[in-house]
Each structure stands twice: as C-alpha cells, then as structure tokens.
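Visitor: Just so it is clear, I am handing over entry_26.txt, which has compact mmCIF, C-alpha atoms and all ligand atoms.
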# COMPACT_ATOMS: atom_id res chain seq x y z
CA VAL A 567 0.00 0.00 0.00
CA LYS A 568 1.41 3.33 -1.05
CA LEU A 569 1.74 6.09 1.53
CA ALA A 570 0.18 8.77 -0.69
CA HIS A 571 -2.83 6.51 -1.15
CA LEU A 572 -3.17 6.04 2.62
CA VAL A 573 -2.91 9.77 3.22
CA ARG A 574 -5.57 10.50 0.59
CA ARG A 575 -7.84 7.83 2.08
CA PHE A 576 -7.26 9.26 5.54
CA PHE A 577 -8.35 12.79 4.67
CA GLY A 578 -11.20 11.57 2.49
CA ALA A 579 -12.50 9.46 5.36
CA LEU A 580 -12.64 12.43 7.74
CA ARG A 581 -15.50 13.94 5.74
CA PRO A 582 -18.64 13.11 7.73
CA GLY A 583 -21.91 11.64 6.52
CA GLY A 584 -23.02 8.80 4.28
CA PRO A 585 -23.62 8.81 0.53
CA PRO A 586 -26.44 10.87 -1.04
CA LEU A 587 -29.95 9.54 -0.47
CA ALA A 588 -30.26 8.47 -4.11
CA ASP A 589 -27.23 6.22 -3.68
CA GLU A 590 -28.63 4.77 -0.45
CA ARG A 591 -31.83 3.92 -2.33
CA TRP A 592 -29.85 2.34 -5.14
CA ALA A 593 -27.95 0.21 -2.60
CA ALA A 594 -31.26 -0.86 -1.02
CA GLN A 595 -32.54 -1.93 -4.41
CA VAL A 596 -29.38 -3.83 -5.31
CA LEU A 597 -29.08 -5.59 -1.96
CA GLY A 598 -32.60 -6.38 -0.77
CA PRO A 599 -33.76 -5.93 2.84
CA ARG A 600 -31.43 -7.97 5.04
CA PRO A 601 -28.12 -7.36 3.24
CA PHE A 602 -29.08 -3.68 3.02
CA GLN A 603 -29.62 -3.62 6.77
CA LEU A 604 -26.10 -5.03 7.17
CA TRP A 605 -24.67 -2.49 4.68
CA SER A 606 -26.39 0.35 6.56
CA ARG A 607 -24.46 -0.47 9.72
CA MET A 608 -21.16 0.61 8.15
CA PRO A 609 -19.93 4.12 9.01
CA GLY A 610 -20.58 6.90 6.49
CA HIS A 611 -17.12 6.87 4.92
CA ASP A 612 -17.28 3.09 4.37
CA ARG A 613 -20.71 3.39 2.77
CA ARG A 614 -19.42 6.15 0.48
CA HIS A 615 -16.41 4.02 -0.46
CA SER A 616 -18.62 1.01 -1.21
CA ILE A 617 -20.95 3.09 -3.43
CA GLY A 618 -17.95 4.39 -5.38
CA VAL A 619 -16.66 0.85 -5.90
CA ALA A 620 -20.08 -0.47 -6.94
CA ARG A 621 -20.68 2.38 -9.41
CA ARG A 622 -17.29 1.73 -11.03
CA VAL A 623 -18.10 -2.00 -11.25
CA GLU A 624 -21.47 -1.18 -12.80
CA ALA A 625 -19.77 0.96 -15.45
CA ALA A 626 -17.10 -1.67 -16.12
CA LEU A 627 -19.59 -4.54 -16.49
CA ALA A 628 -21.97 -2.56 -18.72
CA SER A 629 -19.74 -3.30 -21.71
CA THR A 630 -19.41 -7.05 -21.00
CA GLU A 631 -21.50 -10.16 -21.59
CA VAL A 632 -22.39 -10.54 -17.91
CA ALA A 633 -26.17 -10.84 -17.88
CA ASP A 634 -26.92 -10.62 -14.18
CA VAL A 635 -24.70 -7.96 -12.63
CA ARG A 636 -26.67 -7.57 -9.40
CA PRO A 637 -24.80 -10.19 -7.33
CA PHE A 638 -21.51 -8.51 -8.32
CA LEU A 639 -22.80 -5.05 -7.45
CA ALA A 640 -23.79 -6.55 -4.09
CA ALA A 641 -20.26 -7.96 -3.81
CA ALA A 642 -18.85 -4.46 -4.40
CA LEU A 643 -21.20 -2.87 -1.86
CA LEU A 644 -20.43 -5.41 0.86
CA HIS A 645 -16.75 -6.28 0.28
CA ASP A 646 -15.48 -4.39 3.36
CA VAL A 647 -18.43 -5.01 5.69
CA GLY A 648 -16.19 -7.16 7.94
CA LYS A 649 -14.51 -3.95 9.09
CA LEU A 650 -17.53 -3.55 11.38
CA ASP A 651 -16.07 -6.14 13.73
CA SER A 652 -12.92 -4.19 14.57
CA GLY A 653 -14.80 -0.99 15.41
CA LEU A 654 -11.58 0.82 14.47
CA GLY A 655 -11.72 4.48 13.54
CA ILE A 656 -9.66 6.00 10.81
CA LEU A 657 -6.44 6.50 12.79
CA GLY A 658 -6.72 2.96 14.20
CA ARG A 659 -6.93 1.58 10.67
CA VAL A 660 -3.80 3.41 9.64
CA ALA A 661 -2.08 1.92 12.70
CA ALA A 662 -3.43 -1.54 11.81
CA THR A 663 -2.06 -1.26 8.28
CA VAL A 664 1.33 -0.24 9.65
CA CYS A 665 1.28 -3.12 12.20
CA ALA A 666 0.55 -5.60 9.44
CA ALA A 667 3.32 -4.20 7.29
CA VAL A 668 5.83 -4.38 10.14
CA ALA A 669 4.88 -7.63 11.92
CA GLY A 670 3.26 -9.51 9.05
CA ALA A 671 -0.44 -10.08 8.48
CA ASP A 672 -0.19 -13.72 9.64
CA MET A 673 -0.15 -12.37 13.20
CA ALA A 674 -3.82 -11.40 12.79
CA PRO A 675 -5.43 -14.61 14.19
CA LEU A 676 -3.27 -14.41 17.31
CA TRP A 677 -3.84 -10.67 17.76
CA SER A 678 -7.60 -11.07 17.40
CA GLN A 679 -7.56 -13.37 20.46
CA ARG A 680 -5.90 -10.72 22.59
CA ARG A 681 -7.60 -7.69 24.10
CA GLY A 682 -8.05 -3.99 23.49
CA PHE A 683 -6.29 -2.36 20.58
CA THR A 684 -4.28 -5.47 19.65
CA ARG A 685 -7.52 -7.39 19.29
CA ARG A 686 -9.05 -4.64 17.14
CA VAL A 687 -6.06 -4.66 14.84
CA GLY A 688 -6.30 -8.45 14.52
CA LEU A 689 -10.02 -8.26 13.73
CA TYR A 690 -9.43 -5.47 11.21
CA LEU A 691 -6.88 -7.56 9.34
CA ARG A 692 -9.33 -10.46 9.31
CA HIS A 693 -12.12 -8.32 7.79
CA PRO A 694 -12.34 -10.48 4.65
CA GLU A 695 -13.42 -13.70 6.40
CA LEU A 696 -15.46 -11.84 9.05
CA GLY A 697 -17.32 -9.97 6.32
CA ALA A 698 -17.96 -13.18 4.41
CA SER A 699 -19.64 -14.73 7.48
CA ARG A 700 -21.76 -11.64 8.03
CA ILE A 701 -22.96 -11.57 4.41
CA GLU A 702 -23.76 -15.25 4.55
CA LEU A 703 -25.76 -14.79 7.78
CA ALA A 704 -27.66 -11.88 6.21
CA GLY A 705 -28.63 -14.07 3.25
CA GLY A 706 -26.52 -12.11 0.74
CA PRO A 707 -25.67 -13.59 -2.66
CA PRO A 708 -22.95 -16.28 -2.67
CA GLN A 709 -20.88 -14.15 -5.06
CA ALA A 710 -20.75 -11.40 -2.41
CA VAL A 711 -19.75 -13.94 0.26
CA ALA A 712 -16.97 -15.29 -1.97
CA TRP A 713 -15.73 -11.83 -2.96
CA ALA A 714 -15.59 -10.55 0.62
CA ARG A 715 -13.42 -13.55 1.53
CA ALA A 716 -11.15 -13.30 -1.54
CA HIS A 717 -10.83 -9.58 -2.27
CA HIS A 718 -7.34 -9.13 -0.78
CA GLU A 719 -5.99 -12.38 -2.30
CA PRO A 720 -5.54 -11.92 -6.06
CA GLU A 721 -4.04 -15.41 -6.37
CA THR A 722 -7.50 -16.86 -5.54
CA TYR A 723 -9.50 -14.83 -8.06
CA GLY A 724 -9.21 -17.55 -10.68
CA SER A 725 -10.98 -20.13 -8.51
CA LEU A 726 -14.01 -17.97 -7.70
CA GLY A 727 -15.96 -19.16 -10.72
CA PHE A 728 -16.94 -15.61 -11.70
CA PRO A 729 -17.49 -14.79 -15.40
CA PRO A 730 -14.29 -13.66 -17.15
CA GLY A 731 -13.14 -10.18 -16.17
CA VAL A 732 -15.52 -9.76 -13.23
CA ALA A 733 -12.98 -10.33 -10.43
CA ALA A 734 -10.53 -8.01 -12.20
CA ALA A 735 -13.24 -5.34 -12.53
CA LEU A 736 -14.12 -5.65 -8.83
CA ALA A 737 -10.46 -5.39 -7.82
CA ALA A 738 -9.76 -2.44 -10.12
CA ALA A 739 -12.82 -0.59 -8.83
CA ASP A 740 -11.61 -0.98 -5.24
CA ASP A 741 -8.18 0.44 -5.97
CA ASP A 742 -9.09 4.09 -6.18
FE FE B 1 -10.90 -4.87 2.22
FE FE B 2 -12.38 -1.48 -0.23
I need this file expressed as structure tokens, please.
Ligand SMILES: [Fe+2]
Ligand SMILES: [Fe+2]

Guide:
Amino acid sequence: VKLAHLVRRFFGALRPGGPPLADERWAAQVLGPRPFQLWSRMPGHDRRHSIGVARRVEAALASTEVADVRPFLAAALLHDVGKLDSGLGILGRVAATVCAAVAGADMAPLWSQRRGFTRRVGLYLRHPELGASRIELAGGPPQAVAWARAHHEPETYGSLGFPPGVAAALAAADDD
C-alpha cells in the first residue's frame, strides 16, 4: 500500500456523513432488505467508499457479456463489511495497516484473540473472512460472500468461478 494513497484515504474518510440519499436507495434496491440492513451499519465513509466501488463496477460490467450484474454489485457494496467487527476508527486503521506491514499479516489470528487495541487490529486484518460470514448470515448472494473472503488475495480470483473479467473489474474498482 502506497503512503500517498493512505494519506488520501485518511483525509477523504474524515469527511462526515453517508452517501447521497439516491445512492442509499440504489444500494437498497441492489441488496434487498437484510443485506441492506447489514450495509447500513457501516460508518458513512465506508458506505461512500462502497458506493464508489459499486458504481465503477457497474460501469465496467456494462460493456461485457455478464447478464446478471446484481450479485456482483452486491459484492462491491459489501466487500469491506467485515470492518464492522474491529470498530476501528480512521487512525486505528492506519495503525493496523502499519502493524501488518511491520509484523506480518499472519499475526492477525493471534492478535484477534488478545484484548483492546491489539484485538481490534487483529479483527481489522481479518475483515475479509469476518465480512464473508456476516454476508452469509444476512442471506446475501454467494458471489458477495466469496468476494468478501477473496478480495485481498488476487491469487485466488481464478478459482471464484466468476465470469471472465468480473474479479478483475471488482479489484480495479476498489483500488481508487
Ligand atoms: Fe478490504
Ligand atoms: Fe475497499
């Protein structure tokens, strides 16, 4: 992760509030009641990020053969929902990213069994699998479950069974 990117993210995230109402309605339509309820629990900056990702995916898939884009828009909207478990604010996330870079992300399972800030950092780093479980429990589409789990592991994209180009579009849309 590049420092400039982190800094940009940091200041962007400080802006309060969720996405515009029209975007919230669009998310509700894409997700259906229970997954939308889950999505709504994310803080404003995470909801704004997820809308941006989903809109870029929508644009990217418009020119492809993919007939049913809804499950993949849901995947874009919900990919980071596991960040709910850490309850980390913006500064805490920067610290978590630094911890992972210094100590190695494989410390996450151990950290998440500790307490306080260490635990939060561990949970934050495990947001892919935690998000996948949440989406599954909320009855979200299996593509969204799979994407939440895989989105930080490009080497697994090939085994997701998504139509050609979809995983790449999802990943590219997230890398703003
Ligand atoms: Fe993520
Ligand atoms: Fe993301």

Visitor: Do a neighbour search on Gly598 (chain A) at 12 Å with all atoms listed in the file, toss out local chain neighbours closer than 2 positions, and write the hits as a list of chain:residue names.

Guide: A:Glu590, A:Arg591, A:Trp592, A:Ala593, A:Ala594, A:Gln595, A:Val596, A:Arg600, A:Pro601, A:Phe602, A:Gln603, A:Leu604, A:Trp605, A:Ser606, A:Arg636, A:Pro637, A:Leu639, A:Ala640, A:Leu643, A:Ala704, A:Gly705, A:Gly706, A:Pro707

Visitor: In terms of the shortest atom-to-atom distance over all atoms listed in the file, which of A:Phe576, A:Tyr690, A:Trp713, A:Phe728 is closest to Leu650 (chain A)?

Guide: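 Among the listed residues, A:Tyr690 lies closest to Leu650 (chain A).
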
Visitor: Quick one: residues within 8 Å of region 610-617 of chain A, only C-alpha atoms counted, chain neighbours fewer than 3 positions away excluded, as a list in words?

Guide: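 My reading of the contact set: Gly578, Ala579, Leu580, Arg581, Pro582, Gly583, Gly584, Pro585, Asp589, Ala593, Trp605, Ser606, Ala620, Arg621, Ala642, Leu643, Leu644, His645 and Asp646 of chain A.
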
Visitor: Hey, could you make a per-residue contact list for chain A against ligand FE 1 (chain B) with 8 Å as the cut-off, showing the nearest pair of atoms and its distance in Å to one decimal, counting only C-alpha atoms and all ligand atoms, sorted by chain and number, as JSON lines?

Guide:
{"residue": "A:His645", "atom": "CA", "partner": "B:FE1", "partner_atom": "FE", "distance": 6.3}
{"residue": "A:Asp646", "atom": "CA", "partner": "B:FE1", "partner_atom": "FE", "distance": 4.7}
{"residue": "A:Lys649", "atom": "CA", "partner": "B:FE1", "partner_atom": "FE", "distance": 7.8}
{"residue": "A:His693", "atom": "CA", "partner": "B:FE1", "partner_atom": "FE", "distance": 6.7}
{"residue": "A:Pro694", "atom": "CA", "partner": "B:FE1", "partner_atom": "FE", "distance": 6.3}
{"residue": "A:Ala714", "atom": "CA", "partner": "B:FE1", "partner_atom": "FE", "distance": 7.5}
{"residue": "A:His717", "atom": "CA", "partner": "B:FE1", "partner_atom": "FE", "distance": 6.5}
{"residue": "A:His718", "atom": "CA", "partner": "B:FE1", "partner_atom": "FE", "distance": 6.3}

Visitor: Separation of CA of Arg681 (chain A) and CA of Arg607 (chain A), in Å?

Guide: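 Computed distance, CA of Arg681 (chain A) to CA of Arg607 (chain A), equals 23.3 Å.
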
Visitor: Any idea what the distance is between CA of Ala671 (chain A) and CA of Glu721 (chain A)?

Guide: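 Taking CA of Ala671 (chain A) and CA of Glu721 (chain A), their separation equals 16.2 Å.
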
Visitor: Identify which of the residues A:Ala712, A:Ala739, A:Glu719, A:Arg692 lies closest to Gln679 (chain A), counting only C-alpha atoms when measuring atom-to-atom distances.

Guide: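 Result for the nearest residue to Gln679 (chain A): A:Arg692.
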
Visitor: Where's the centre, and what are the edge lengths in Å to one decimal, of a box along x, y and z enclosing all listed atoms of region 704-715 of chain A padded 3 Å per side, as lines of an AutoDock Vina configuration file?

Guide:
center_x = -21.0
center_y = -13.4
center_z = 0.6
size_x = 21.2
size_y = 11.7
size_z = 17.3

Visitor: Using all atoms listed in the file, can you tell me which of A:Ala698, A:Leu569, A:Met608, A:Val619 comes closest to ligand FE 2 (chain B)?

Guide: A:Val619

Visitor: For a test of reading the model, state the distance in Å between CA of Gly618 (chain A) and CA of Pro586 (chain A), rounded to one decimal.

Guide: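 Distance between the two atoms: 11.5 Å.
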
Visitor: Restricting the calculation to only C-alpha atoms and all ligand atoms, which member of A:Pro708, A:Pro729, A:Gly653, A:Gly697 is positioned closest to ligand FE 2 (chain B)?

Guide: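 Ranked by minimum distance to ligand FE 2 (chain B), first place goes to A:Gly697.
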
Visitor: Return the single residue from A:Val647, A:Ala661, A:Ala626, A:Ile656 that is closest to ligand FE 2 (chain B), with distances computed using only C-alpha atoms and all ligand atoms.

Guide: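 Closest to ligand FE 2 (chain B), using only C-alpha atoms and all ligand atoms: A:Val647.
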
Visitor: I want to know what sits within 12 Å of Ser629 (chain A), based on all atoms listed in the file, with residues of the same chain fewer than 4 positions away left out; could you give that as a PyMOL selection string?

Guide: chain A and resi 623-625+633+635+731-732+735

Visitor: Could you write region 584-610 of chain A as a short mmCIF file (atom, residue, chain, number, x, y, z; two decimals), keeping the file's coordinate frame, with N, CA, C and O atoms rebuilt where they are missing?

Guide:
data_model
loop_
_atom_site.label_atom_id
_atom_site.label_comp_id
_atom_site.auth_asym_id
_atom_site.auth_seq_id
_atom_site.Cartn_x
_atom_site.Cartn_y
_atom_site.Cartn_z
N GLY A 584 -22.95 9.91 5.22
CA GLY A 584 -23.02 8.80 4.28
C GLY A 584 -23.15 9.31 2.86
O GLY A 584 -23.01 10.51 2.60
N PRO A 585 -23.41 8.41 1.93
CA PRO A 585 -23.62 8.81 0.53
C PRO A 585 -24.95 9.54 0.38
O PRO A 585 -25.79 9.48 1.27
N PRO A 586 -25.15 10.21 -0.78
CA PRO A 586 -26.44 10.87 -1.04
C PRO A 586 -27.59 9.87 -0.97
O PRO A 586 -27.40 8.67 -1.24
N LEU A 587 -28.78 10.38 -0.65
CA LEU A 587 -29.95 9.54 -0.47
C LEU A 587 -30.24 8.67 -1.70
O LEU A 587 -30.62 7.50 -1.58
N ALA A 588 -30.01 9.23 -2.88
CA ALA A 588 -30.26 8.47 -4.11
C ALA A 588 -29.38 7.22 -4.17
O ALA A 588 -29.81 6.16 -4.62
N ASP A 589 -28.14 7.36 -3.70
CA ASP A 589 -27.23 6.22 -3.68
C ASP A 589 -27.65 5.19 -2.64
O ASP A 589 -27.54 3.98 -2.84
N GLU A 590 -28.13 5.67 -1.50
CA GLU A 590 -28.63 4.77 -0.45
C GLU A 590 -29.80 3.95 -1.01
O GLU A 590 -29.88 2.74 -0.78
N ARG A 591 -30.67 4.61 -1.75
CA ARG A 591 -31.83 3.92 -2.33
C ARG A 591 -31.38 2.88 -3.34
O ARG A 591 -31.92 1.77 -3.42
N TRP A 592 -30.39 3.26 -4.14
CA TRP A 592 -29.85 2.34 -5.14
C TRP A 592 -29.27 1.11 -4.44
O TRP A 592 -29.53 -0.03 -4.86
N ALA A 593 -28.53 1.33 -3.35
CA ALA A 593 -27.95 0.21 -2.60
C ALA A 593 -29.05 -0.70 -2.05
O ALA A 593 -28.94 -1.92 -2.09
N ALA A 594 -30.14 -0.08 -1.56
CA ALA A 594 -31.26 -0.86 -1.02
C ALA A 594 -31.86 -1.76 -2.09
O ALA A 594 -32.20 -2.93 -1.85
N GLN A 595 -31.95 -1.20 -3.29
CA GLN A 595 -32.54 -1.93 -4.41
C GLN A 595 -31.64 -3.09 -4.85
O GLN A 595 -32.11 -4.18 -5.12
N VAL A 596 -30.34 -2.81 -4.89
CA VAL A 596 -29.38 -3.83 -5.31
C VAL A 596 -29.33 -4.97 -4.29
O VAL A 596 -29.26 -6.14 -4.66
N LEU A 597 -29.39 -4.62 -3.01
CA LEU A 597 -29.08 -5.59 -1.96
C LEU A 597 -30.29 -6.37 -1.46
O LEU A 597 -30.15 -7.52 -1.03
N GLY A 598 -31.46 -5.76 -1.44
CA GLY A 598 -32.60 -6.38 -0.77
C GLY A 598 -32.50 -6.15 0.73
O GLY A 598 -31.45 -5.75 1.23
N PRO A 599 -33.62 -6.40 1.45
CA PRO A 599 -33.76 -5.93 2.84
C PRO A 599 -32.65 -6.31 3.81
O PRO A 599 -32.06 -5.44 4.44
N ARG A 600 -32.37 -7.60 3.96
CA ARG A 600 -31.43 -7.97 5.04
C ARG A 600 -29.99 -7.57 4.72
O ARG A 600 -29.30 -7.00 5.58
N PRO A 601 -29.48 -7.84 3.53
CA PRO A 601 -28.12 -7.36 3.24
C PRO A 601 -28.02 -5.84 3.30
O PRO A 601 -26.99 -5.30 3.69
N PHE A 602 -29.12 -5.14 2.93
CA PHE A 602 -29.08 -3.68 3.02
C PHE A 602 -28.99 -3.23 4.48
O PHE A 602 -28.29 -2.26 4.78
N GLN A 603 -29.70 -3.94 5.34
CA GLN A 603 -29.62 -3.62 6.77
C GLN A 603 -28.18 -3.75 7.26
O GLN A 603 -27.68 -2.91 8.01
N LEU A 604 -27.50 -4.81 6.82
CA LEU A 604 -26.10 -5.03 7.17
C LEU A 604 -25.24 -3.88 6.62
O LEU A 604 -24.42 -3.30 7.33
N TRP A 605 -25.43 -3.57 5.34
CA TRP A 605 -24.67 -2.49 4.68
C TRP A 605 -24.83 -1.17 5.44
O TRP A 605 -23.87 -0.42 5.62
N SER A 606 -26.07 -0.92 5.88
CA SER A 606 -26.39 0.35 6.56
C SER A 606 -25.66 0.52 7.88
O SER A 606 -25.54 1.64 8.38
N ARG A 607 -25.16 -0.56 8.44
CA ARG A 607 -24.46 -0.47 9.72
C ARG A 607 -23.04 0.06 9.57
O ARG A 607 -22.40 0.43 10.54
N MET A 608 -22.53 0.09 8.34
CA MET A 608 -21.16 0.61 8.15
C MET A 608 -21.15 2.12 8.38
O MET A 608 -22.13 2.81 8.09
N PRO A 609 -20.03 2.66 8.87
CA PRO A 609 -19.93 4.12 9.01
C PRO A 609 -20.03 4.82 7.66
O PRO A 609 -19.80 4.20 6.61
N GLY A 610 -20.35 6.13 7.70
CA GLY A 610 -20.58 6.90 6.49
C GLY A 610 -19.47 6.80 5.46
O GLY A 610 -19.73 6.60 4.27
#
